[in-house]
>>> print(open('entry.pdb').read())   # PDB, C-alpha atoms
ATOM      1  CA  MET A   1       0.000   0.000   0.000
ATOM      2  CA  ARG A   2       1.454   3.351  -1.075
ATOM      3  CA  GLN A   3       0.094   5.131   1.999
ATOM      4  CA  LEU A   4       1.898   2.691   4.273
ATOM      5  CA  ALA A   5       5.182   3.382   2.492
ATOM      6  CA  ILE A   6       4.679   7.117   3.037
ATOM      7  CA  VAL A   7       3.982   6.679   6.756
ATOM      8  CA  ASN A   8       7.064   4.493   7.138
ATOM      9  CA  ARG A   9       9.238   7.428   6.107
ATOM     10  CA  VAL A  10       8.326   9.540   9.151
ATOM     11  CA  GLY A  11       9.158   9.099  12.816
ATOM     12  CA  ASP A  12       6.958   7.033  15.125
ATOM     13  CA  ASN A  13       5.871  10.013  17.203
ATOM     14  CA  ASP A  14       5.434  12.471  14.344
ATOM     15  CA  ASP A  15       1.939  13.464  13.329
ATOM     16  CA  VAL A  16       0.829  12.702   9.788
ATOM     17  CA  ASP A  17      -2.028  14.180   7.779
ATOM     18  CA  ILE A  18      -4.627  11.422   7.449
ATOM     19  CA  GLU A  19      -7.222  13.142   5.252
ATOM     20  CA  ASN A  20      -5.708  11.688   2.096
ATOM     21  CA  ILE A  21      -5.290   8.341   3.841
ATOM     22  CA  LYS A  22      -8.979   8.274   4.802
ATOM     23  CA  GLU A  23      -9.980   9.075   1.240
ATOM     24  CA  ASN A  24      -7.859   6.224  -0.086
ATOM     25  CA  LEU A  25      -9.233   3.831   2.522
ATOM     26  CA  ARG A  26     -12.786   4.698   1.518
ATOM     27  CA  HIS A  27     -11.870   3.923  -2.080
ATOM     28  CA  LEU A  28     -10.261   0.642  -1.016
ATOM     29  CA  LYS A  29     -13.380  -0.242   0.964
ATOM     30  CA  ASN A  30     -15.515   0.296  -2.126
ATOM     31  CA  VAL A  31     -13.225  -1.964  -4.168
ATOM     32  CA  CYS A  32     -13.396  -4.663  -1.490
ATOM     33  CA  GLU A  33     -17.192  -4.452  -1.457
ATOM     34  CA  GLN A  34     -17.315  -4.903  -5.227
ATOM     35  CA  THR A  35     -14.876  -7.816  -4.998
ATOM     36  CA  ALA A  36     -16.889  -9.472  -2.198
ATOM     37  CA  LEU A  37     -14.233  -9.261   0.522
ATOM     38  CA  PRO A  38     -16.406  -8.872   3.651
ATOM     39  CA  VAL A  39     -13.612  -9.394   6.186
ATOM     40  CA  SER A  40     -11.506  -6.686   4.564
ATOM     41  CA  VAL A  41     -14.501  -4.344   4.395
ATOM     42  CA  GLU A  42     -15.072  -4.817   8.119
ATOM     43  CA  ALA A  43     -11.398  -4.181   8.912
ATOM     44  CA  ILE A  44     -11.332  -0.972   6.861
ATOM     45  CA  THR A  45     -14.610   0.207   8.392
ATOM     46  CA  ARG A  46     -13.206  -0.348  11.870
ATOM     47  CA  GLU A  47     -10.015   1.590  11.152
ATOM     48  CA  LEU A  48     -11.913   4.429   9.472
ATOM     49  CA  TYR A  49     -14.049   4.704  12.587
ATOM     50  CA  GLY A  50     -10.860   5.174  14.599
ATOM     51  CA  PHE A  51      -9.783   7.942  12.206
ATOM     52  CA  ALA A  52     -13.130   9.747  12.437
ATOM     53  CA  ASN A  53     -13.066  13.440  13.326
ATOM     54  CA  ARG A  54      -9.280  13.458  13.148
ATOM     55  CA  SER A  55      -7.177  15.290  10.584
ATOM     56  CA  SER A  56      -3.827  14.017  11.870
ATOM     57  CA  MET A  57      -2.506  11.203  14.056
ATOM     58  CA  MET A  58       0.801   9.835  15.274
ATOM     59  CA  SER A  59       2.503   7.941  12.474
ATOM     60  CA  ARG A  60       2.980   4.859  14.668
ATOM     61  CA  ILE A  61      -0.782   4.495  15.185
ATOM     62  CA  VAL A  62      -1.522   5.117  11.522
ATOM     63  CA  ARG A  63       1.130   2.591  10.498
ATOM     64  CA  GLU A  64      -0.376  -0.096  12.727
ATOM     65  CA  SER A  65      -3.821   0.530  11.269
ATOM     66  CA  LEU A  66      -2.589   0.361   7.684
ATOM     67  CA  GLU A  67      -0.561  -2.789   8.387
ATOM     68  CA  THR A  68      -3.683  -4.421   9.835
ATOM     69  CA  ILE A  69      -5.679  -3.539   6.731
ATOM     70  CA  HIS A  70      -2.888  -4.640   4.405
ATOM     71  CA  SER A  71      -2.515  -8.066   6.011
ATOM     72  CA  THR A  72      -6.299  -8.570   6.187
ATOM     73  CA  VAL A  73      -6.827  -7.816   2.494
ATOM     74  CA  GLU A  74      -3.826  -9.909   1.502
ATOM     75  CA  ASN A  75      -4.967 -12.907   3.562
ATOM     76  CA  GLU A  76      -8.541 -12.733   2.306
ATOM     77  CA  LEU A  77      -7.414 -12.457  -1.317
ATOM     78  CA  ALA A  78      -5.380 -15.633  -0.807
ATOM     79  CA  THR A  79      -8.626 -17.542  -0.203
ATOM     80  CA  ILE A  80     -10.160 -16.526  -3.544
ATOM     81  CA  LEU A  81      -9.502 -17.846  -7.044
ATOM     82  CA  PHE A  82      -9.805 -15.228  -9.789
ATOM     83  CA  LEU A  83     -10.454 -16.367 -13.356
ATOM     84  CA  ARG A  84      -9.552 -14.133 -16.266
ATOM     85  CA  VAL A  85     -12.078 -13.859 -19.091
ATOM     86  CA  SER A  86     -10.601 -13.198 -22.515
ATOM     87  CA  THR A  87     -11.511  -9.783 -23.909
ATOM     88  CA  GLU A  88     -13.315 -11.292 -26.895
ATOM     89  CA  TYR A  89     -15.700 -13.177 -24.595
ATOM     90  CA  ILE A  90     -16.473 -10.470 -22.017
ATOM     91  CA  ARG A  91     -19.593  -9.365 -23.885
ATOM     92  CA  TYR A  92     -21.025 -12.891 -23.690
ATOM     93  CA  HIS A  93     -20.458 -12.960 -19.950
ATOM     94  CA  LYS A  94     -22.139  -9.607 -19.354
ATOM     95  CA  ASP A  95     -24.948  -9.707 -21.927
ATOM     96  CA  PRO A  96     -28.234 -10.833 -20.263
ATOM     97  CA  ALA A  97     -29.673 -11.711 -23.694
ATOM     98  CA  PRO A  98     -26.763 -12.892 -25.886
ATOM     99  CA  PHE A  99     -29.140 -14.240 -28.554
ATOM    100  CA  GLY A 100     -31.116 -11.002 -28.616
ATOM    101  CA  GLN A 101     -34.161  -9.819 -26.714
ATOM    102  CA  ARG A 102     -36.569 -11.304 -29.276
ATOM    103  CA  VAL A 103     -35.260 -14.791 -28.545
ATOM    104  CA  ALA A 104     -35.398 -14.186 -24.784
ATOM    105  CA  ASP A 105     -39.004 -12.984 -25.041
ATOM    106  CA  ALA A 106     -40.108 -15.835 -27.315
ATOM    107  CA  PHE A 107     -38.306 -18.608 -25.413
ATOM    108  CA  PRO A 108     -38.257 -17.664 -21.711
ATOM    109  CA  LEU A 109     -37.687 -21.285 -20.692
ATOM    110  CA  ALA A 110     -34.413 -21.255 -22.625
ATOM    111  CA  ILE A 111     -32.965 -18.167 -20.931
ATOM    112  CA  ARG A 112     -31.176 -20.112 -18.192
ATOM    113  CA  ASP A 113     -29.516 -22.540 -20.604
ATOM    114  CA  ILE A 114     -28.543 -19.708 -22.957
ATOM    115  CA  GLU A 115     -26.941 -17.874 -20.048
ATOM    116  CA  HIS A 116     -25.105 -20.945 -18.759
ATOM    117  CA  GLY A 117     -24.026 -21.945 -22.252
ATOM    118  CA  THR A 118     -22.543 -18.566 -23.111
ATOM    119  CA  LYS A 119     -20.795 -18.330 -19.736
ATOM    120  CA  ALA A 120     -19.368 -21.815 -20.246
ATOM    121  CA  LEU A 121     -17.974 -20.525 -23.538
ATOM    122  CA  THR A 122     -16.286 -17.587 -21.797
ATOM    123  CA  TYR A 123     -14.583 -19.996 -19.369
ATOM    124  CA  GLY A 124     -13.376 -22.280 -22.153
ATOM    125  CA  LEU A 125     -15.746 -25.112 -21.185
ATOM    126  CA  GLY A 126     -16.649 -26.252 -24.679
ATOM    127  CA  THR A 127     -18.446 -29.461 -23.711
ATOM    128  CA  SER A 128     -20.638 -27.656 -21.177
ATOM    129  CA  CYS A 129     -21.405 -24.964 -23.735
ATOM    130  CA  VAL A 130     -22.537 -27.556 -26.296
ATOM    131  CA  PHE A 131     -24.673 -29.331 -23.676
ATOM    132  CA  HIS A 132     -26.608 -26.168 -22.825
ATOM    133  CA  MET A 133     -26.919 -25.092 -26.467
ATOM    134  CA  MET A 134     -28.346 -28.512 -27.362
ATOM    135  CA  ARG A 135     -30.997 -28.007 -24.692
ATOM    136  CA  VAL A 136     -31.778 -24.617 -26.217
ATOM    137  CA  MET A 137     -32.051 -26.171 -29.683
ATOM    138  CA  GLU A 138     -34.330 -28.874 -28.310
ATOM    139  CA  MET A 139     -36.753 -26.246 -27.015
ATOM    140  CA  GLY A 140     -36.829 -24.558 -30.402
ATOM    141  CA  LEU A 141     -37.287 -27.884 -32.171
ATOM    142  CA  LYS A 142     -40.268 -28.791 -29.995
ATOM    143  CA  VAL A 143     -41.930 -25.440 -30.680
ATOM    144  CA  LEU A 144     -41.309 -25.865 -34.405
ATOM    145  CA  ALA A 145     -42.806 -29.364 -34.317
ATOM    146  CA  LYS A 146     -45.856 -28.117 -32.431
ATOM    147  CA  LYS A 147     -46.336 -25.409 -35.038
ATOM    148  CA  LEU A 148     -46.430 -28.141 -37.680
ATOM    149  CA  GLY A 149     -48.925 -30.223 -35.723
ATOM    150  CA  ILE A 150     -46.386 -32.885 -34.828
ATOM    151  CA  PRO A 151     -47.048 -34.676 -31.516
ATOM    152  CA  TYR A 152     -44.477 -35.336 -28.821
ATOM    153  CA  ALA A 153     -41.462 -37.317 -29.973
ATOM    154  CA  PRO A 154     -38.884 -39.028 -27.737
ATOM    155  CA  SER A 155     -35.810 -37.837 -29.626
ATOM    156  CA  TRP A 156     -34.388 -35.192 -31.934
ATOM    157  CA  GLU A 157     -34.225 -37.709 -34.758
ATOM    158  CA  SER A 158     -37.911 -38.502 -34.421
ATOM    159  CA  TYR A 159     -38.850 -34.826 -34.469
ATOM    160  CA  ILE A 160     -36.636 -34.070 -37.449
ATOM    161  CA  THR A 161     -37.907 -37.089 -39.387
ATOM    162  CA  GLN A 162     -41.520 -36.019 -38.909
ATOM    163  CA  ILE A 163     -40.728 -32.399 -39.766
ATOM    164  CA  GLU A 164     -38.941 -33.468 -42.948
ATOM    165  CA  THR A 165     -41.897 -35.684 -43.848
ATOM    166  CA  LYS A 166     -44.157 -32.663 -43.576
ATOM    167  CA  ILE A 167     -41.825 -30.540 -45.667
ATOM    168  CA  THR A 168     -41.289 -33.128 -48.414
ATOM    169  CA  ALA A 169     -44.999 -33.846 -48.852
ATOM    170  CA  LYS A 170     -46.295 -33.147 -52.346
ATOM    171  CA  HIS A 171     -46.573 -29.444 -52.948
ATOM    172  CA  LYS A 172     -50.143 -29.615 -54.262
ATOM    173  CA  THR A 173     -51.379 -31.154 -51.017
ATOM    174  CA  LYS A 174     -50.316 -28.131 -48.985
ATOM    175  CA  GLY A 175     -52.563 -25.236 -48.091
ATOM    176  CA  ILE A 176     -51.903 -21.554 -48.725
ATOM    177  CA  LYS A 177     -50.644 -20.890 -45.195
ATOM    178  CA  TRP A 178     -48.308 -23.859 -45.369
ATOM    179  CA  LYS A 179     -46.904 -22.708 -48.707
ATOM    180  CA  ARG A 180     -46.276 -19.302 -47.174
ATOM    181  CA  ASP A 181     -44.494 -20.709 -44.112
ATOM    182  CA  GLU A 182     -42.652 -23.583 -45.775
ATOM    183  CA  PRO A 183     -39.550 -21.619 -46.893
ATOM    184  CA  PHE A 184     -39.011 -20.578 -43.299
ATOM    185  CA  PHE A 185     -39.295 -24.146 -41.998
ATOM    186  CA  ARG A 186     -36.947 -25.427 -44.687
ATOM    187  CA  ASP A 187     -34.446 -22.741 -43.831
ATOM    188  CA  VAL A 188     -34.604 -23.578 -40.115
ATOM    189  CA  LEU A 189     -33.784 -27.206 -40.871
ATOM    190  CA  GLY A 190     -30.990 -26.193 -43.206
ATOM    191  CA  SER A 191     -32.698 -27.842 -46.170
ATOM    192  CA  THR A 192     -31.279 -27.043 -49.608
ATOM    193  CA  GLY A 193     -33.638 -29.195 -51.676
ATOM    194  CA  ARG A 194     -36.150 -26.506 -52.566
ATOM    195  CA  GLU A 195     -38.403 -27.026 -55.521
ATOM    196  CA  ASP A 196     -37.935 -24.613 -58.398
ATOM    197  CA  SER A 197     -41.548 -23.480 -58.143
ATOM    198  CA  MET A 198     -41.199 -22.623 -54.455
ATOM    199  CA  GLU A 199     -40.842 -19.000 -53.484
ATOM    200  CA  LYS A 200     -37.514 -17.977 -52.019
ATOM    201  CA  PRO A 201     -37.462 -17.608 -48.218
ATOM    202  CA  ASN A 202     -38.176 -14.143 -46.935
ATOM    203  CA  TYR A 203     -35.731 -13.664 -44.067
ATOM    204  CA  ALA A 204     -37.701 -10.694 -42.756
ATOM    205  CA  TYR A 205     -40.666 -12.979 -42.092
ATOM    206  CA  SER A 206     -41.061 -15.799 -39.634
ATOM    207  CA  PRO A 207     -44.145 -17.532 -38.246
ATOM    208  CA  SER A 208     -44.926 -16.769 -34.636
ATOM    209  CA  LEU A 209     -42.799 -19.265 -32.738
ATOM    210  CA  ARG A 210     -42.834 -19.087 -28.973
ATOM    211  CA  SER A 211     -42.225 -21.511 -26.152
ATOM    212  CA  GLY A 212     -44.590 -21.989 -23.269
TER     213      GLY A 212
END
>>> encode(input="entry.pdb", output="structure tokens")
Amino acid sequence: MRQLAIVNRVGDNDDVDIENIKENLRHLKNVCEQTALPVSVEAITRELYGFANRSSMMSRIVRESLETIHSTVENELATILFLRVSTEYIRYHKDPAPFGQRVADAFPLAIRDIEHGTKALTYGLGTSCVFHMMRVMEMGLKVLAKKLGIPYAPSWESYITQIETKITAKHKTKGIKWKRDEPFFRDVLGSTGREDSMEKPNYAYSPSLRSG
């Protein structure tokens, strides 16, 4: 601590101006609160109380107070593991809706897995990220299947097979609404086998898909 080094340069019985020291301690207390260091916060609060209504104190007393704070903060920090998040991933860690607010509003049940998946990505936990993203995809797949009138299926493969069956049905058997929505459904499934007579997908349009 810089303030401790300054105090060490004066005699034990000399008075030192503590206004600047108190200001720095208040700043340090705020940092400790943000870093969740309750023991250090308590130690700083206690020493600040001792400095209250004083503009100067004997350097020996100030030194003892600062040494107490220094050792307390140092010891408490030793009990905590700090993980560094790469700059390129910070936005994923902080963003409450990394897939956009429209997705969060339409799929509220997926919010928790989206959050955990993106945070797993920031920590380099690829397998965990994929696990949560697969759960998110499953929710979307179920909503898509429901939109197509497909009943519950026990697996992704079963859902996808039934969805593809719907999509590959003869074009003339499909109603007007289906023909309007079909490009979107094909695009969601990543299908490239569009019929020449089929209209191109309009990316600005999507049927109302929501979970819950």
>>> residues_around(input="entry.pdb", residues="segment 131-143 of chain A", least_positions_apart="4", cutoff="9 Å", atoms="all atoms listed in the file", output="number ranges by chain")
A: 107, 109-118, 120, 126-127, 147-148, 150, 152-153, 156, 159-160, 209-212
>>> write_last_selection(input="entry.pdb", atoms="C-alpha atoms", output="CSV table (one decimal), in the frame of the given file")
chain,number,residue,atom,x,y,z
A,107,PHE,CA,-38.3,-18.6,-25.4
A,109,LEU,CA,-37.7,-21.3,-20.7
A,110,ALA,CA,-34.4,-21.3,-22.6
A,111,ILE,CA,-33.0,-18.2,-20.9
A,112,ARG,CA,-31.2,-20.1,-18.2
A,113,ASP,CA,-29.5,-22.5,-20.6
A,114,ILE,CA,-28.5,-19.7,-23.0
A,115,GLU,CA,-26.9,-17.9,-20.0
A,116,HIS,CA,-25.1,-20.9,-18.8
A,117,GLY,CA,-24.0,-21.9,-22.3
A,118,THR,CA,-22.5,-18.6,-23.1
A,120,ALA,CA,-19.4,-21.8,-20.2
A,126,GLY,CA,-16.6,-26.3,-24.7
A,127,THR,CA,-18.4,-29.5,-23.7
A,147,LYS,CA,-46.3,-25.4,-35.0
A,148,LEU,CA,-46.4,-28.1,-37.7
A,150,ILE,CA,-46.4,-32.9,-34.8
A,152,TYR,CA,-44.5,-35.3,-28.8
A,153,ALA,CA,-41.5,-37.3,-30.0
A,156,TRP,CA,-34.4,-35.2,-31.9
A,159,TYR,CA,-38.8,-34.8,-34.5
A,160,ILE,CA,-36.6,-34.1,-37.4
A,209,LEU,CA,-42.8,-19.3,-32.7
A,210,ARG,CA,-42.8,-19.1,-29.0
A,211,SER,CA,-42.2,-21.5,-26.2
A,212,GLY,CA,-44.6,-22.0,-23.3
>>> resolve_selection(input="entry.pdb", expression="the PyMOL selection byres ((chain A and resi 123) around 9)", output="PyMOL selection string")
chain A and resi 83-86+89+118-122+124-126
>>> residues_around(input="entry.pdb", residues="Asp17 of chain A", least_positions_apart="5", cutoff="10 Å", atoms="all atoms listed in the file", output="PyMOL selection string")
chain A and resi 7+22+54-59+62
>>> atom_distance(input="entry.pdb", atom1="atom CA of Ala106 of chain A", atom2="atom CA of Ile167 of chain A")
23.6 Å
>>> closest_residue(input="entry.pdb", among="A:His70, A:Arg91, A:Arg26, A:Lys177", to="Phe51 of chain A", atoms="all atoms listed in the file")
A:Arg26
>>> closest_residue(input="entry.pdb", among="A:Ile80, A:Ala97, A:Ile61, A:Ala169", to="Val16 of chain A", atoms="all atoms listed in the file")
A:Ile61
>>> closest_residue(input="entry.pdb", among="A:Ser155, A:Ala145, A:Leu66, A:Ala52", to="Phe185 of chain A", atoms="only C-alpha atoms")
A:Ala145
>>> atom_distance(input="entry.pdb", atom1="atom CA of Glu47 of chain A", atom2="atom CA of Leu81 of chain A")
26.6 Å
>>> residues_around(input="entry.pdb", residues="Leu48 of chain A", least_positions_apart="5", cutoff="12 Å", atoms="all atoms listed in the file", output="number ranges by chain")
A: 18-19, 21-29, 41-43, 53-55, 62, 65-66, 69
>>> atom_distance(input="entry.pdb", atom1="atom CA of Ser158 of chain A", atom2="atom CA of Asp105 of chain A")
27.2 Å
>>> axis_aligned_box(input="entry.pdb", around="segment 157-169 of chain A", padding_each_side="3 Å", output="AutoDock Vina command-line options")
--center_x -39.6 --center_y -34.5 --center_z -41.6 --size_x 16.8 --size_y 14.0 --size_z 20.4
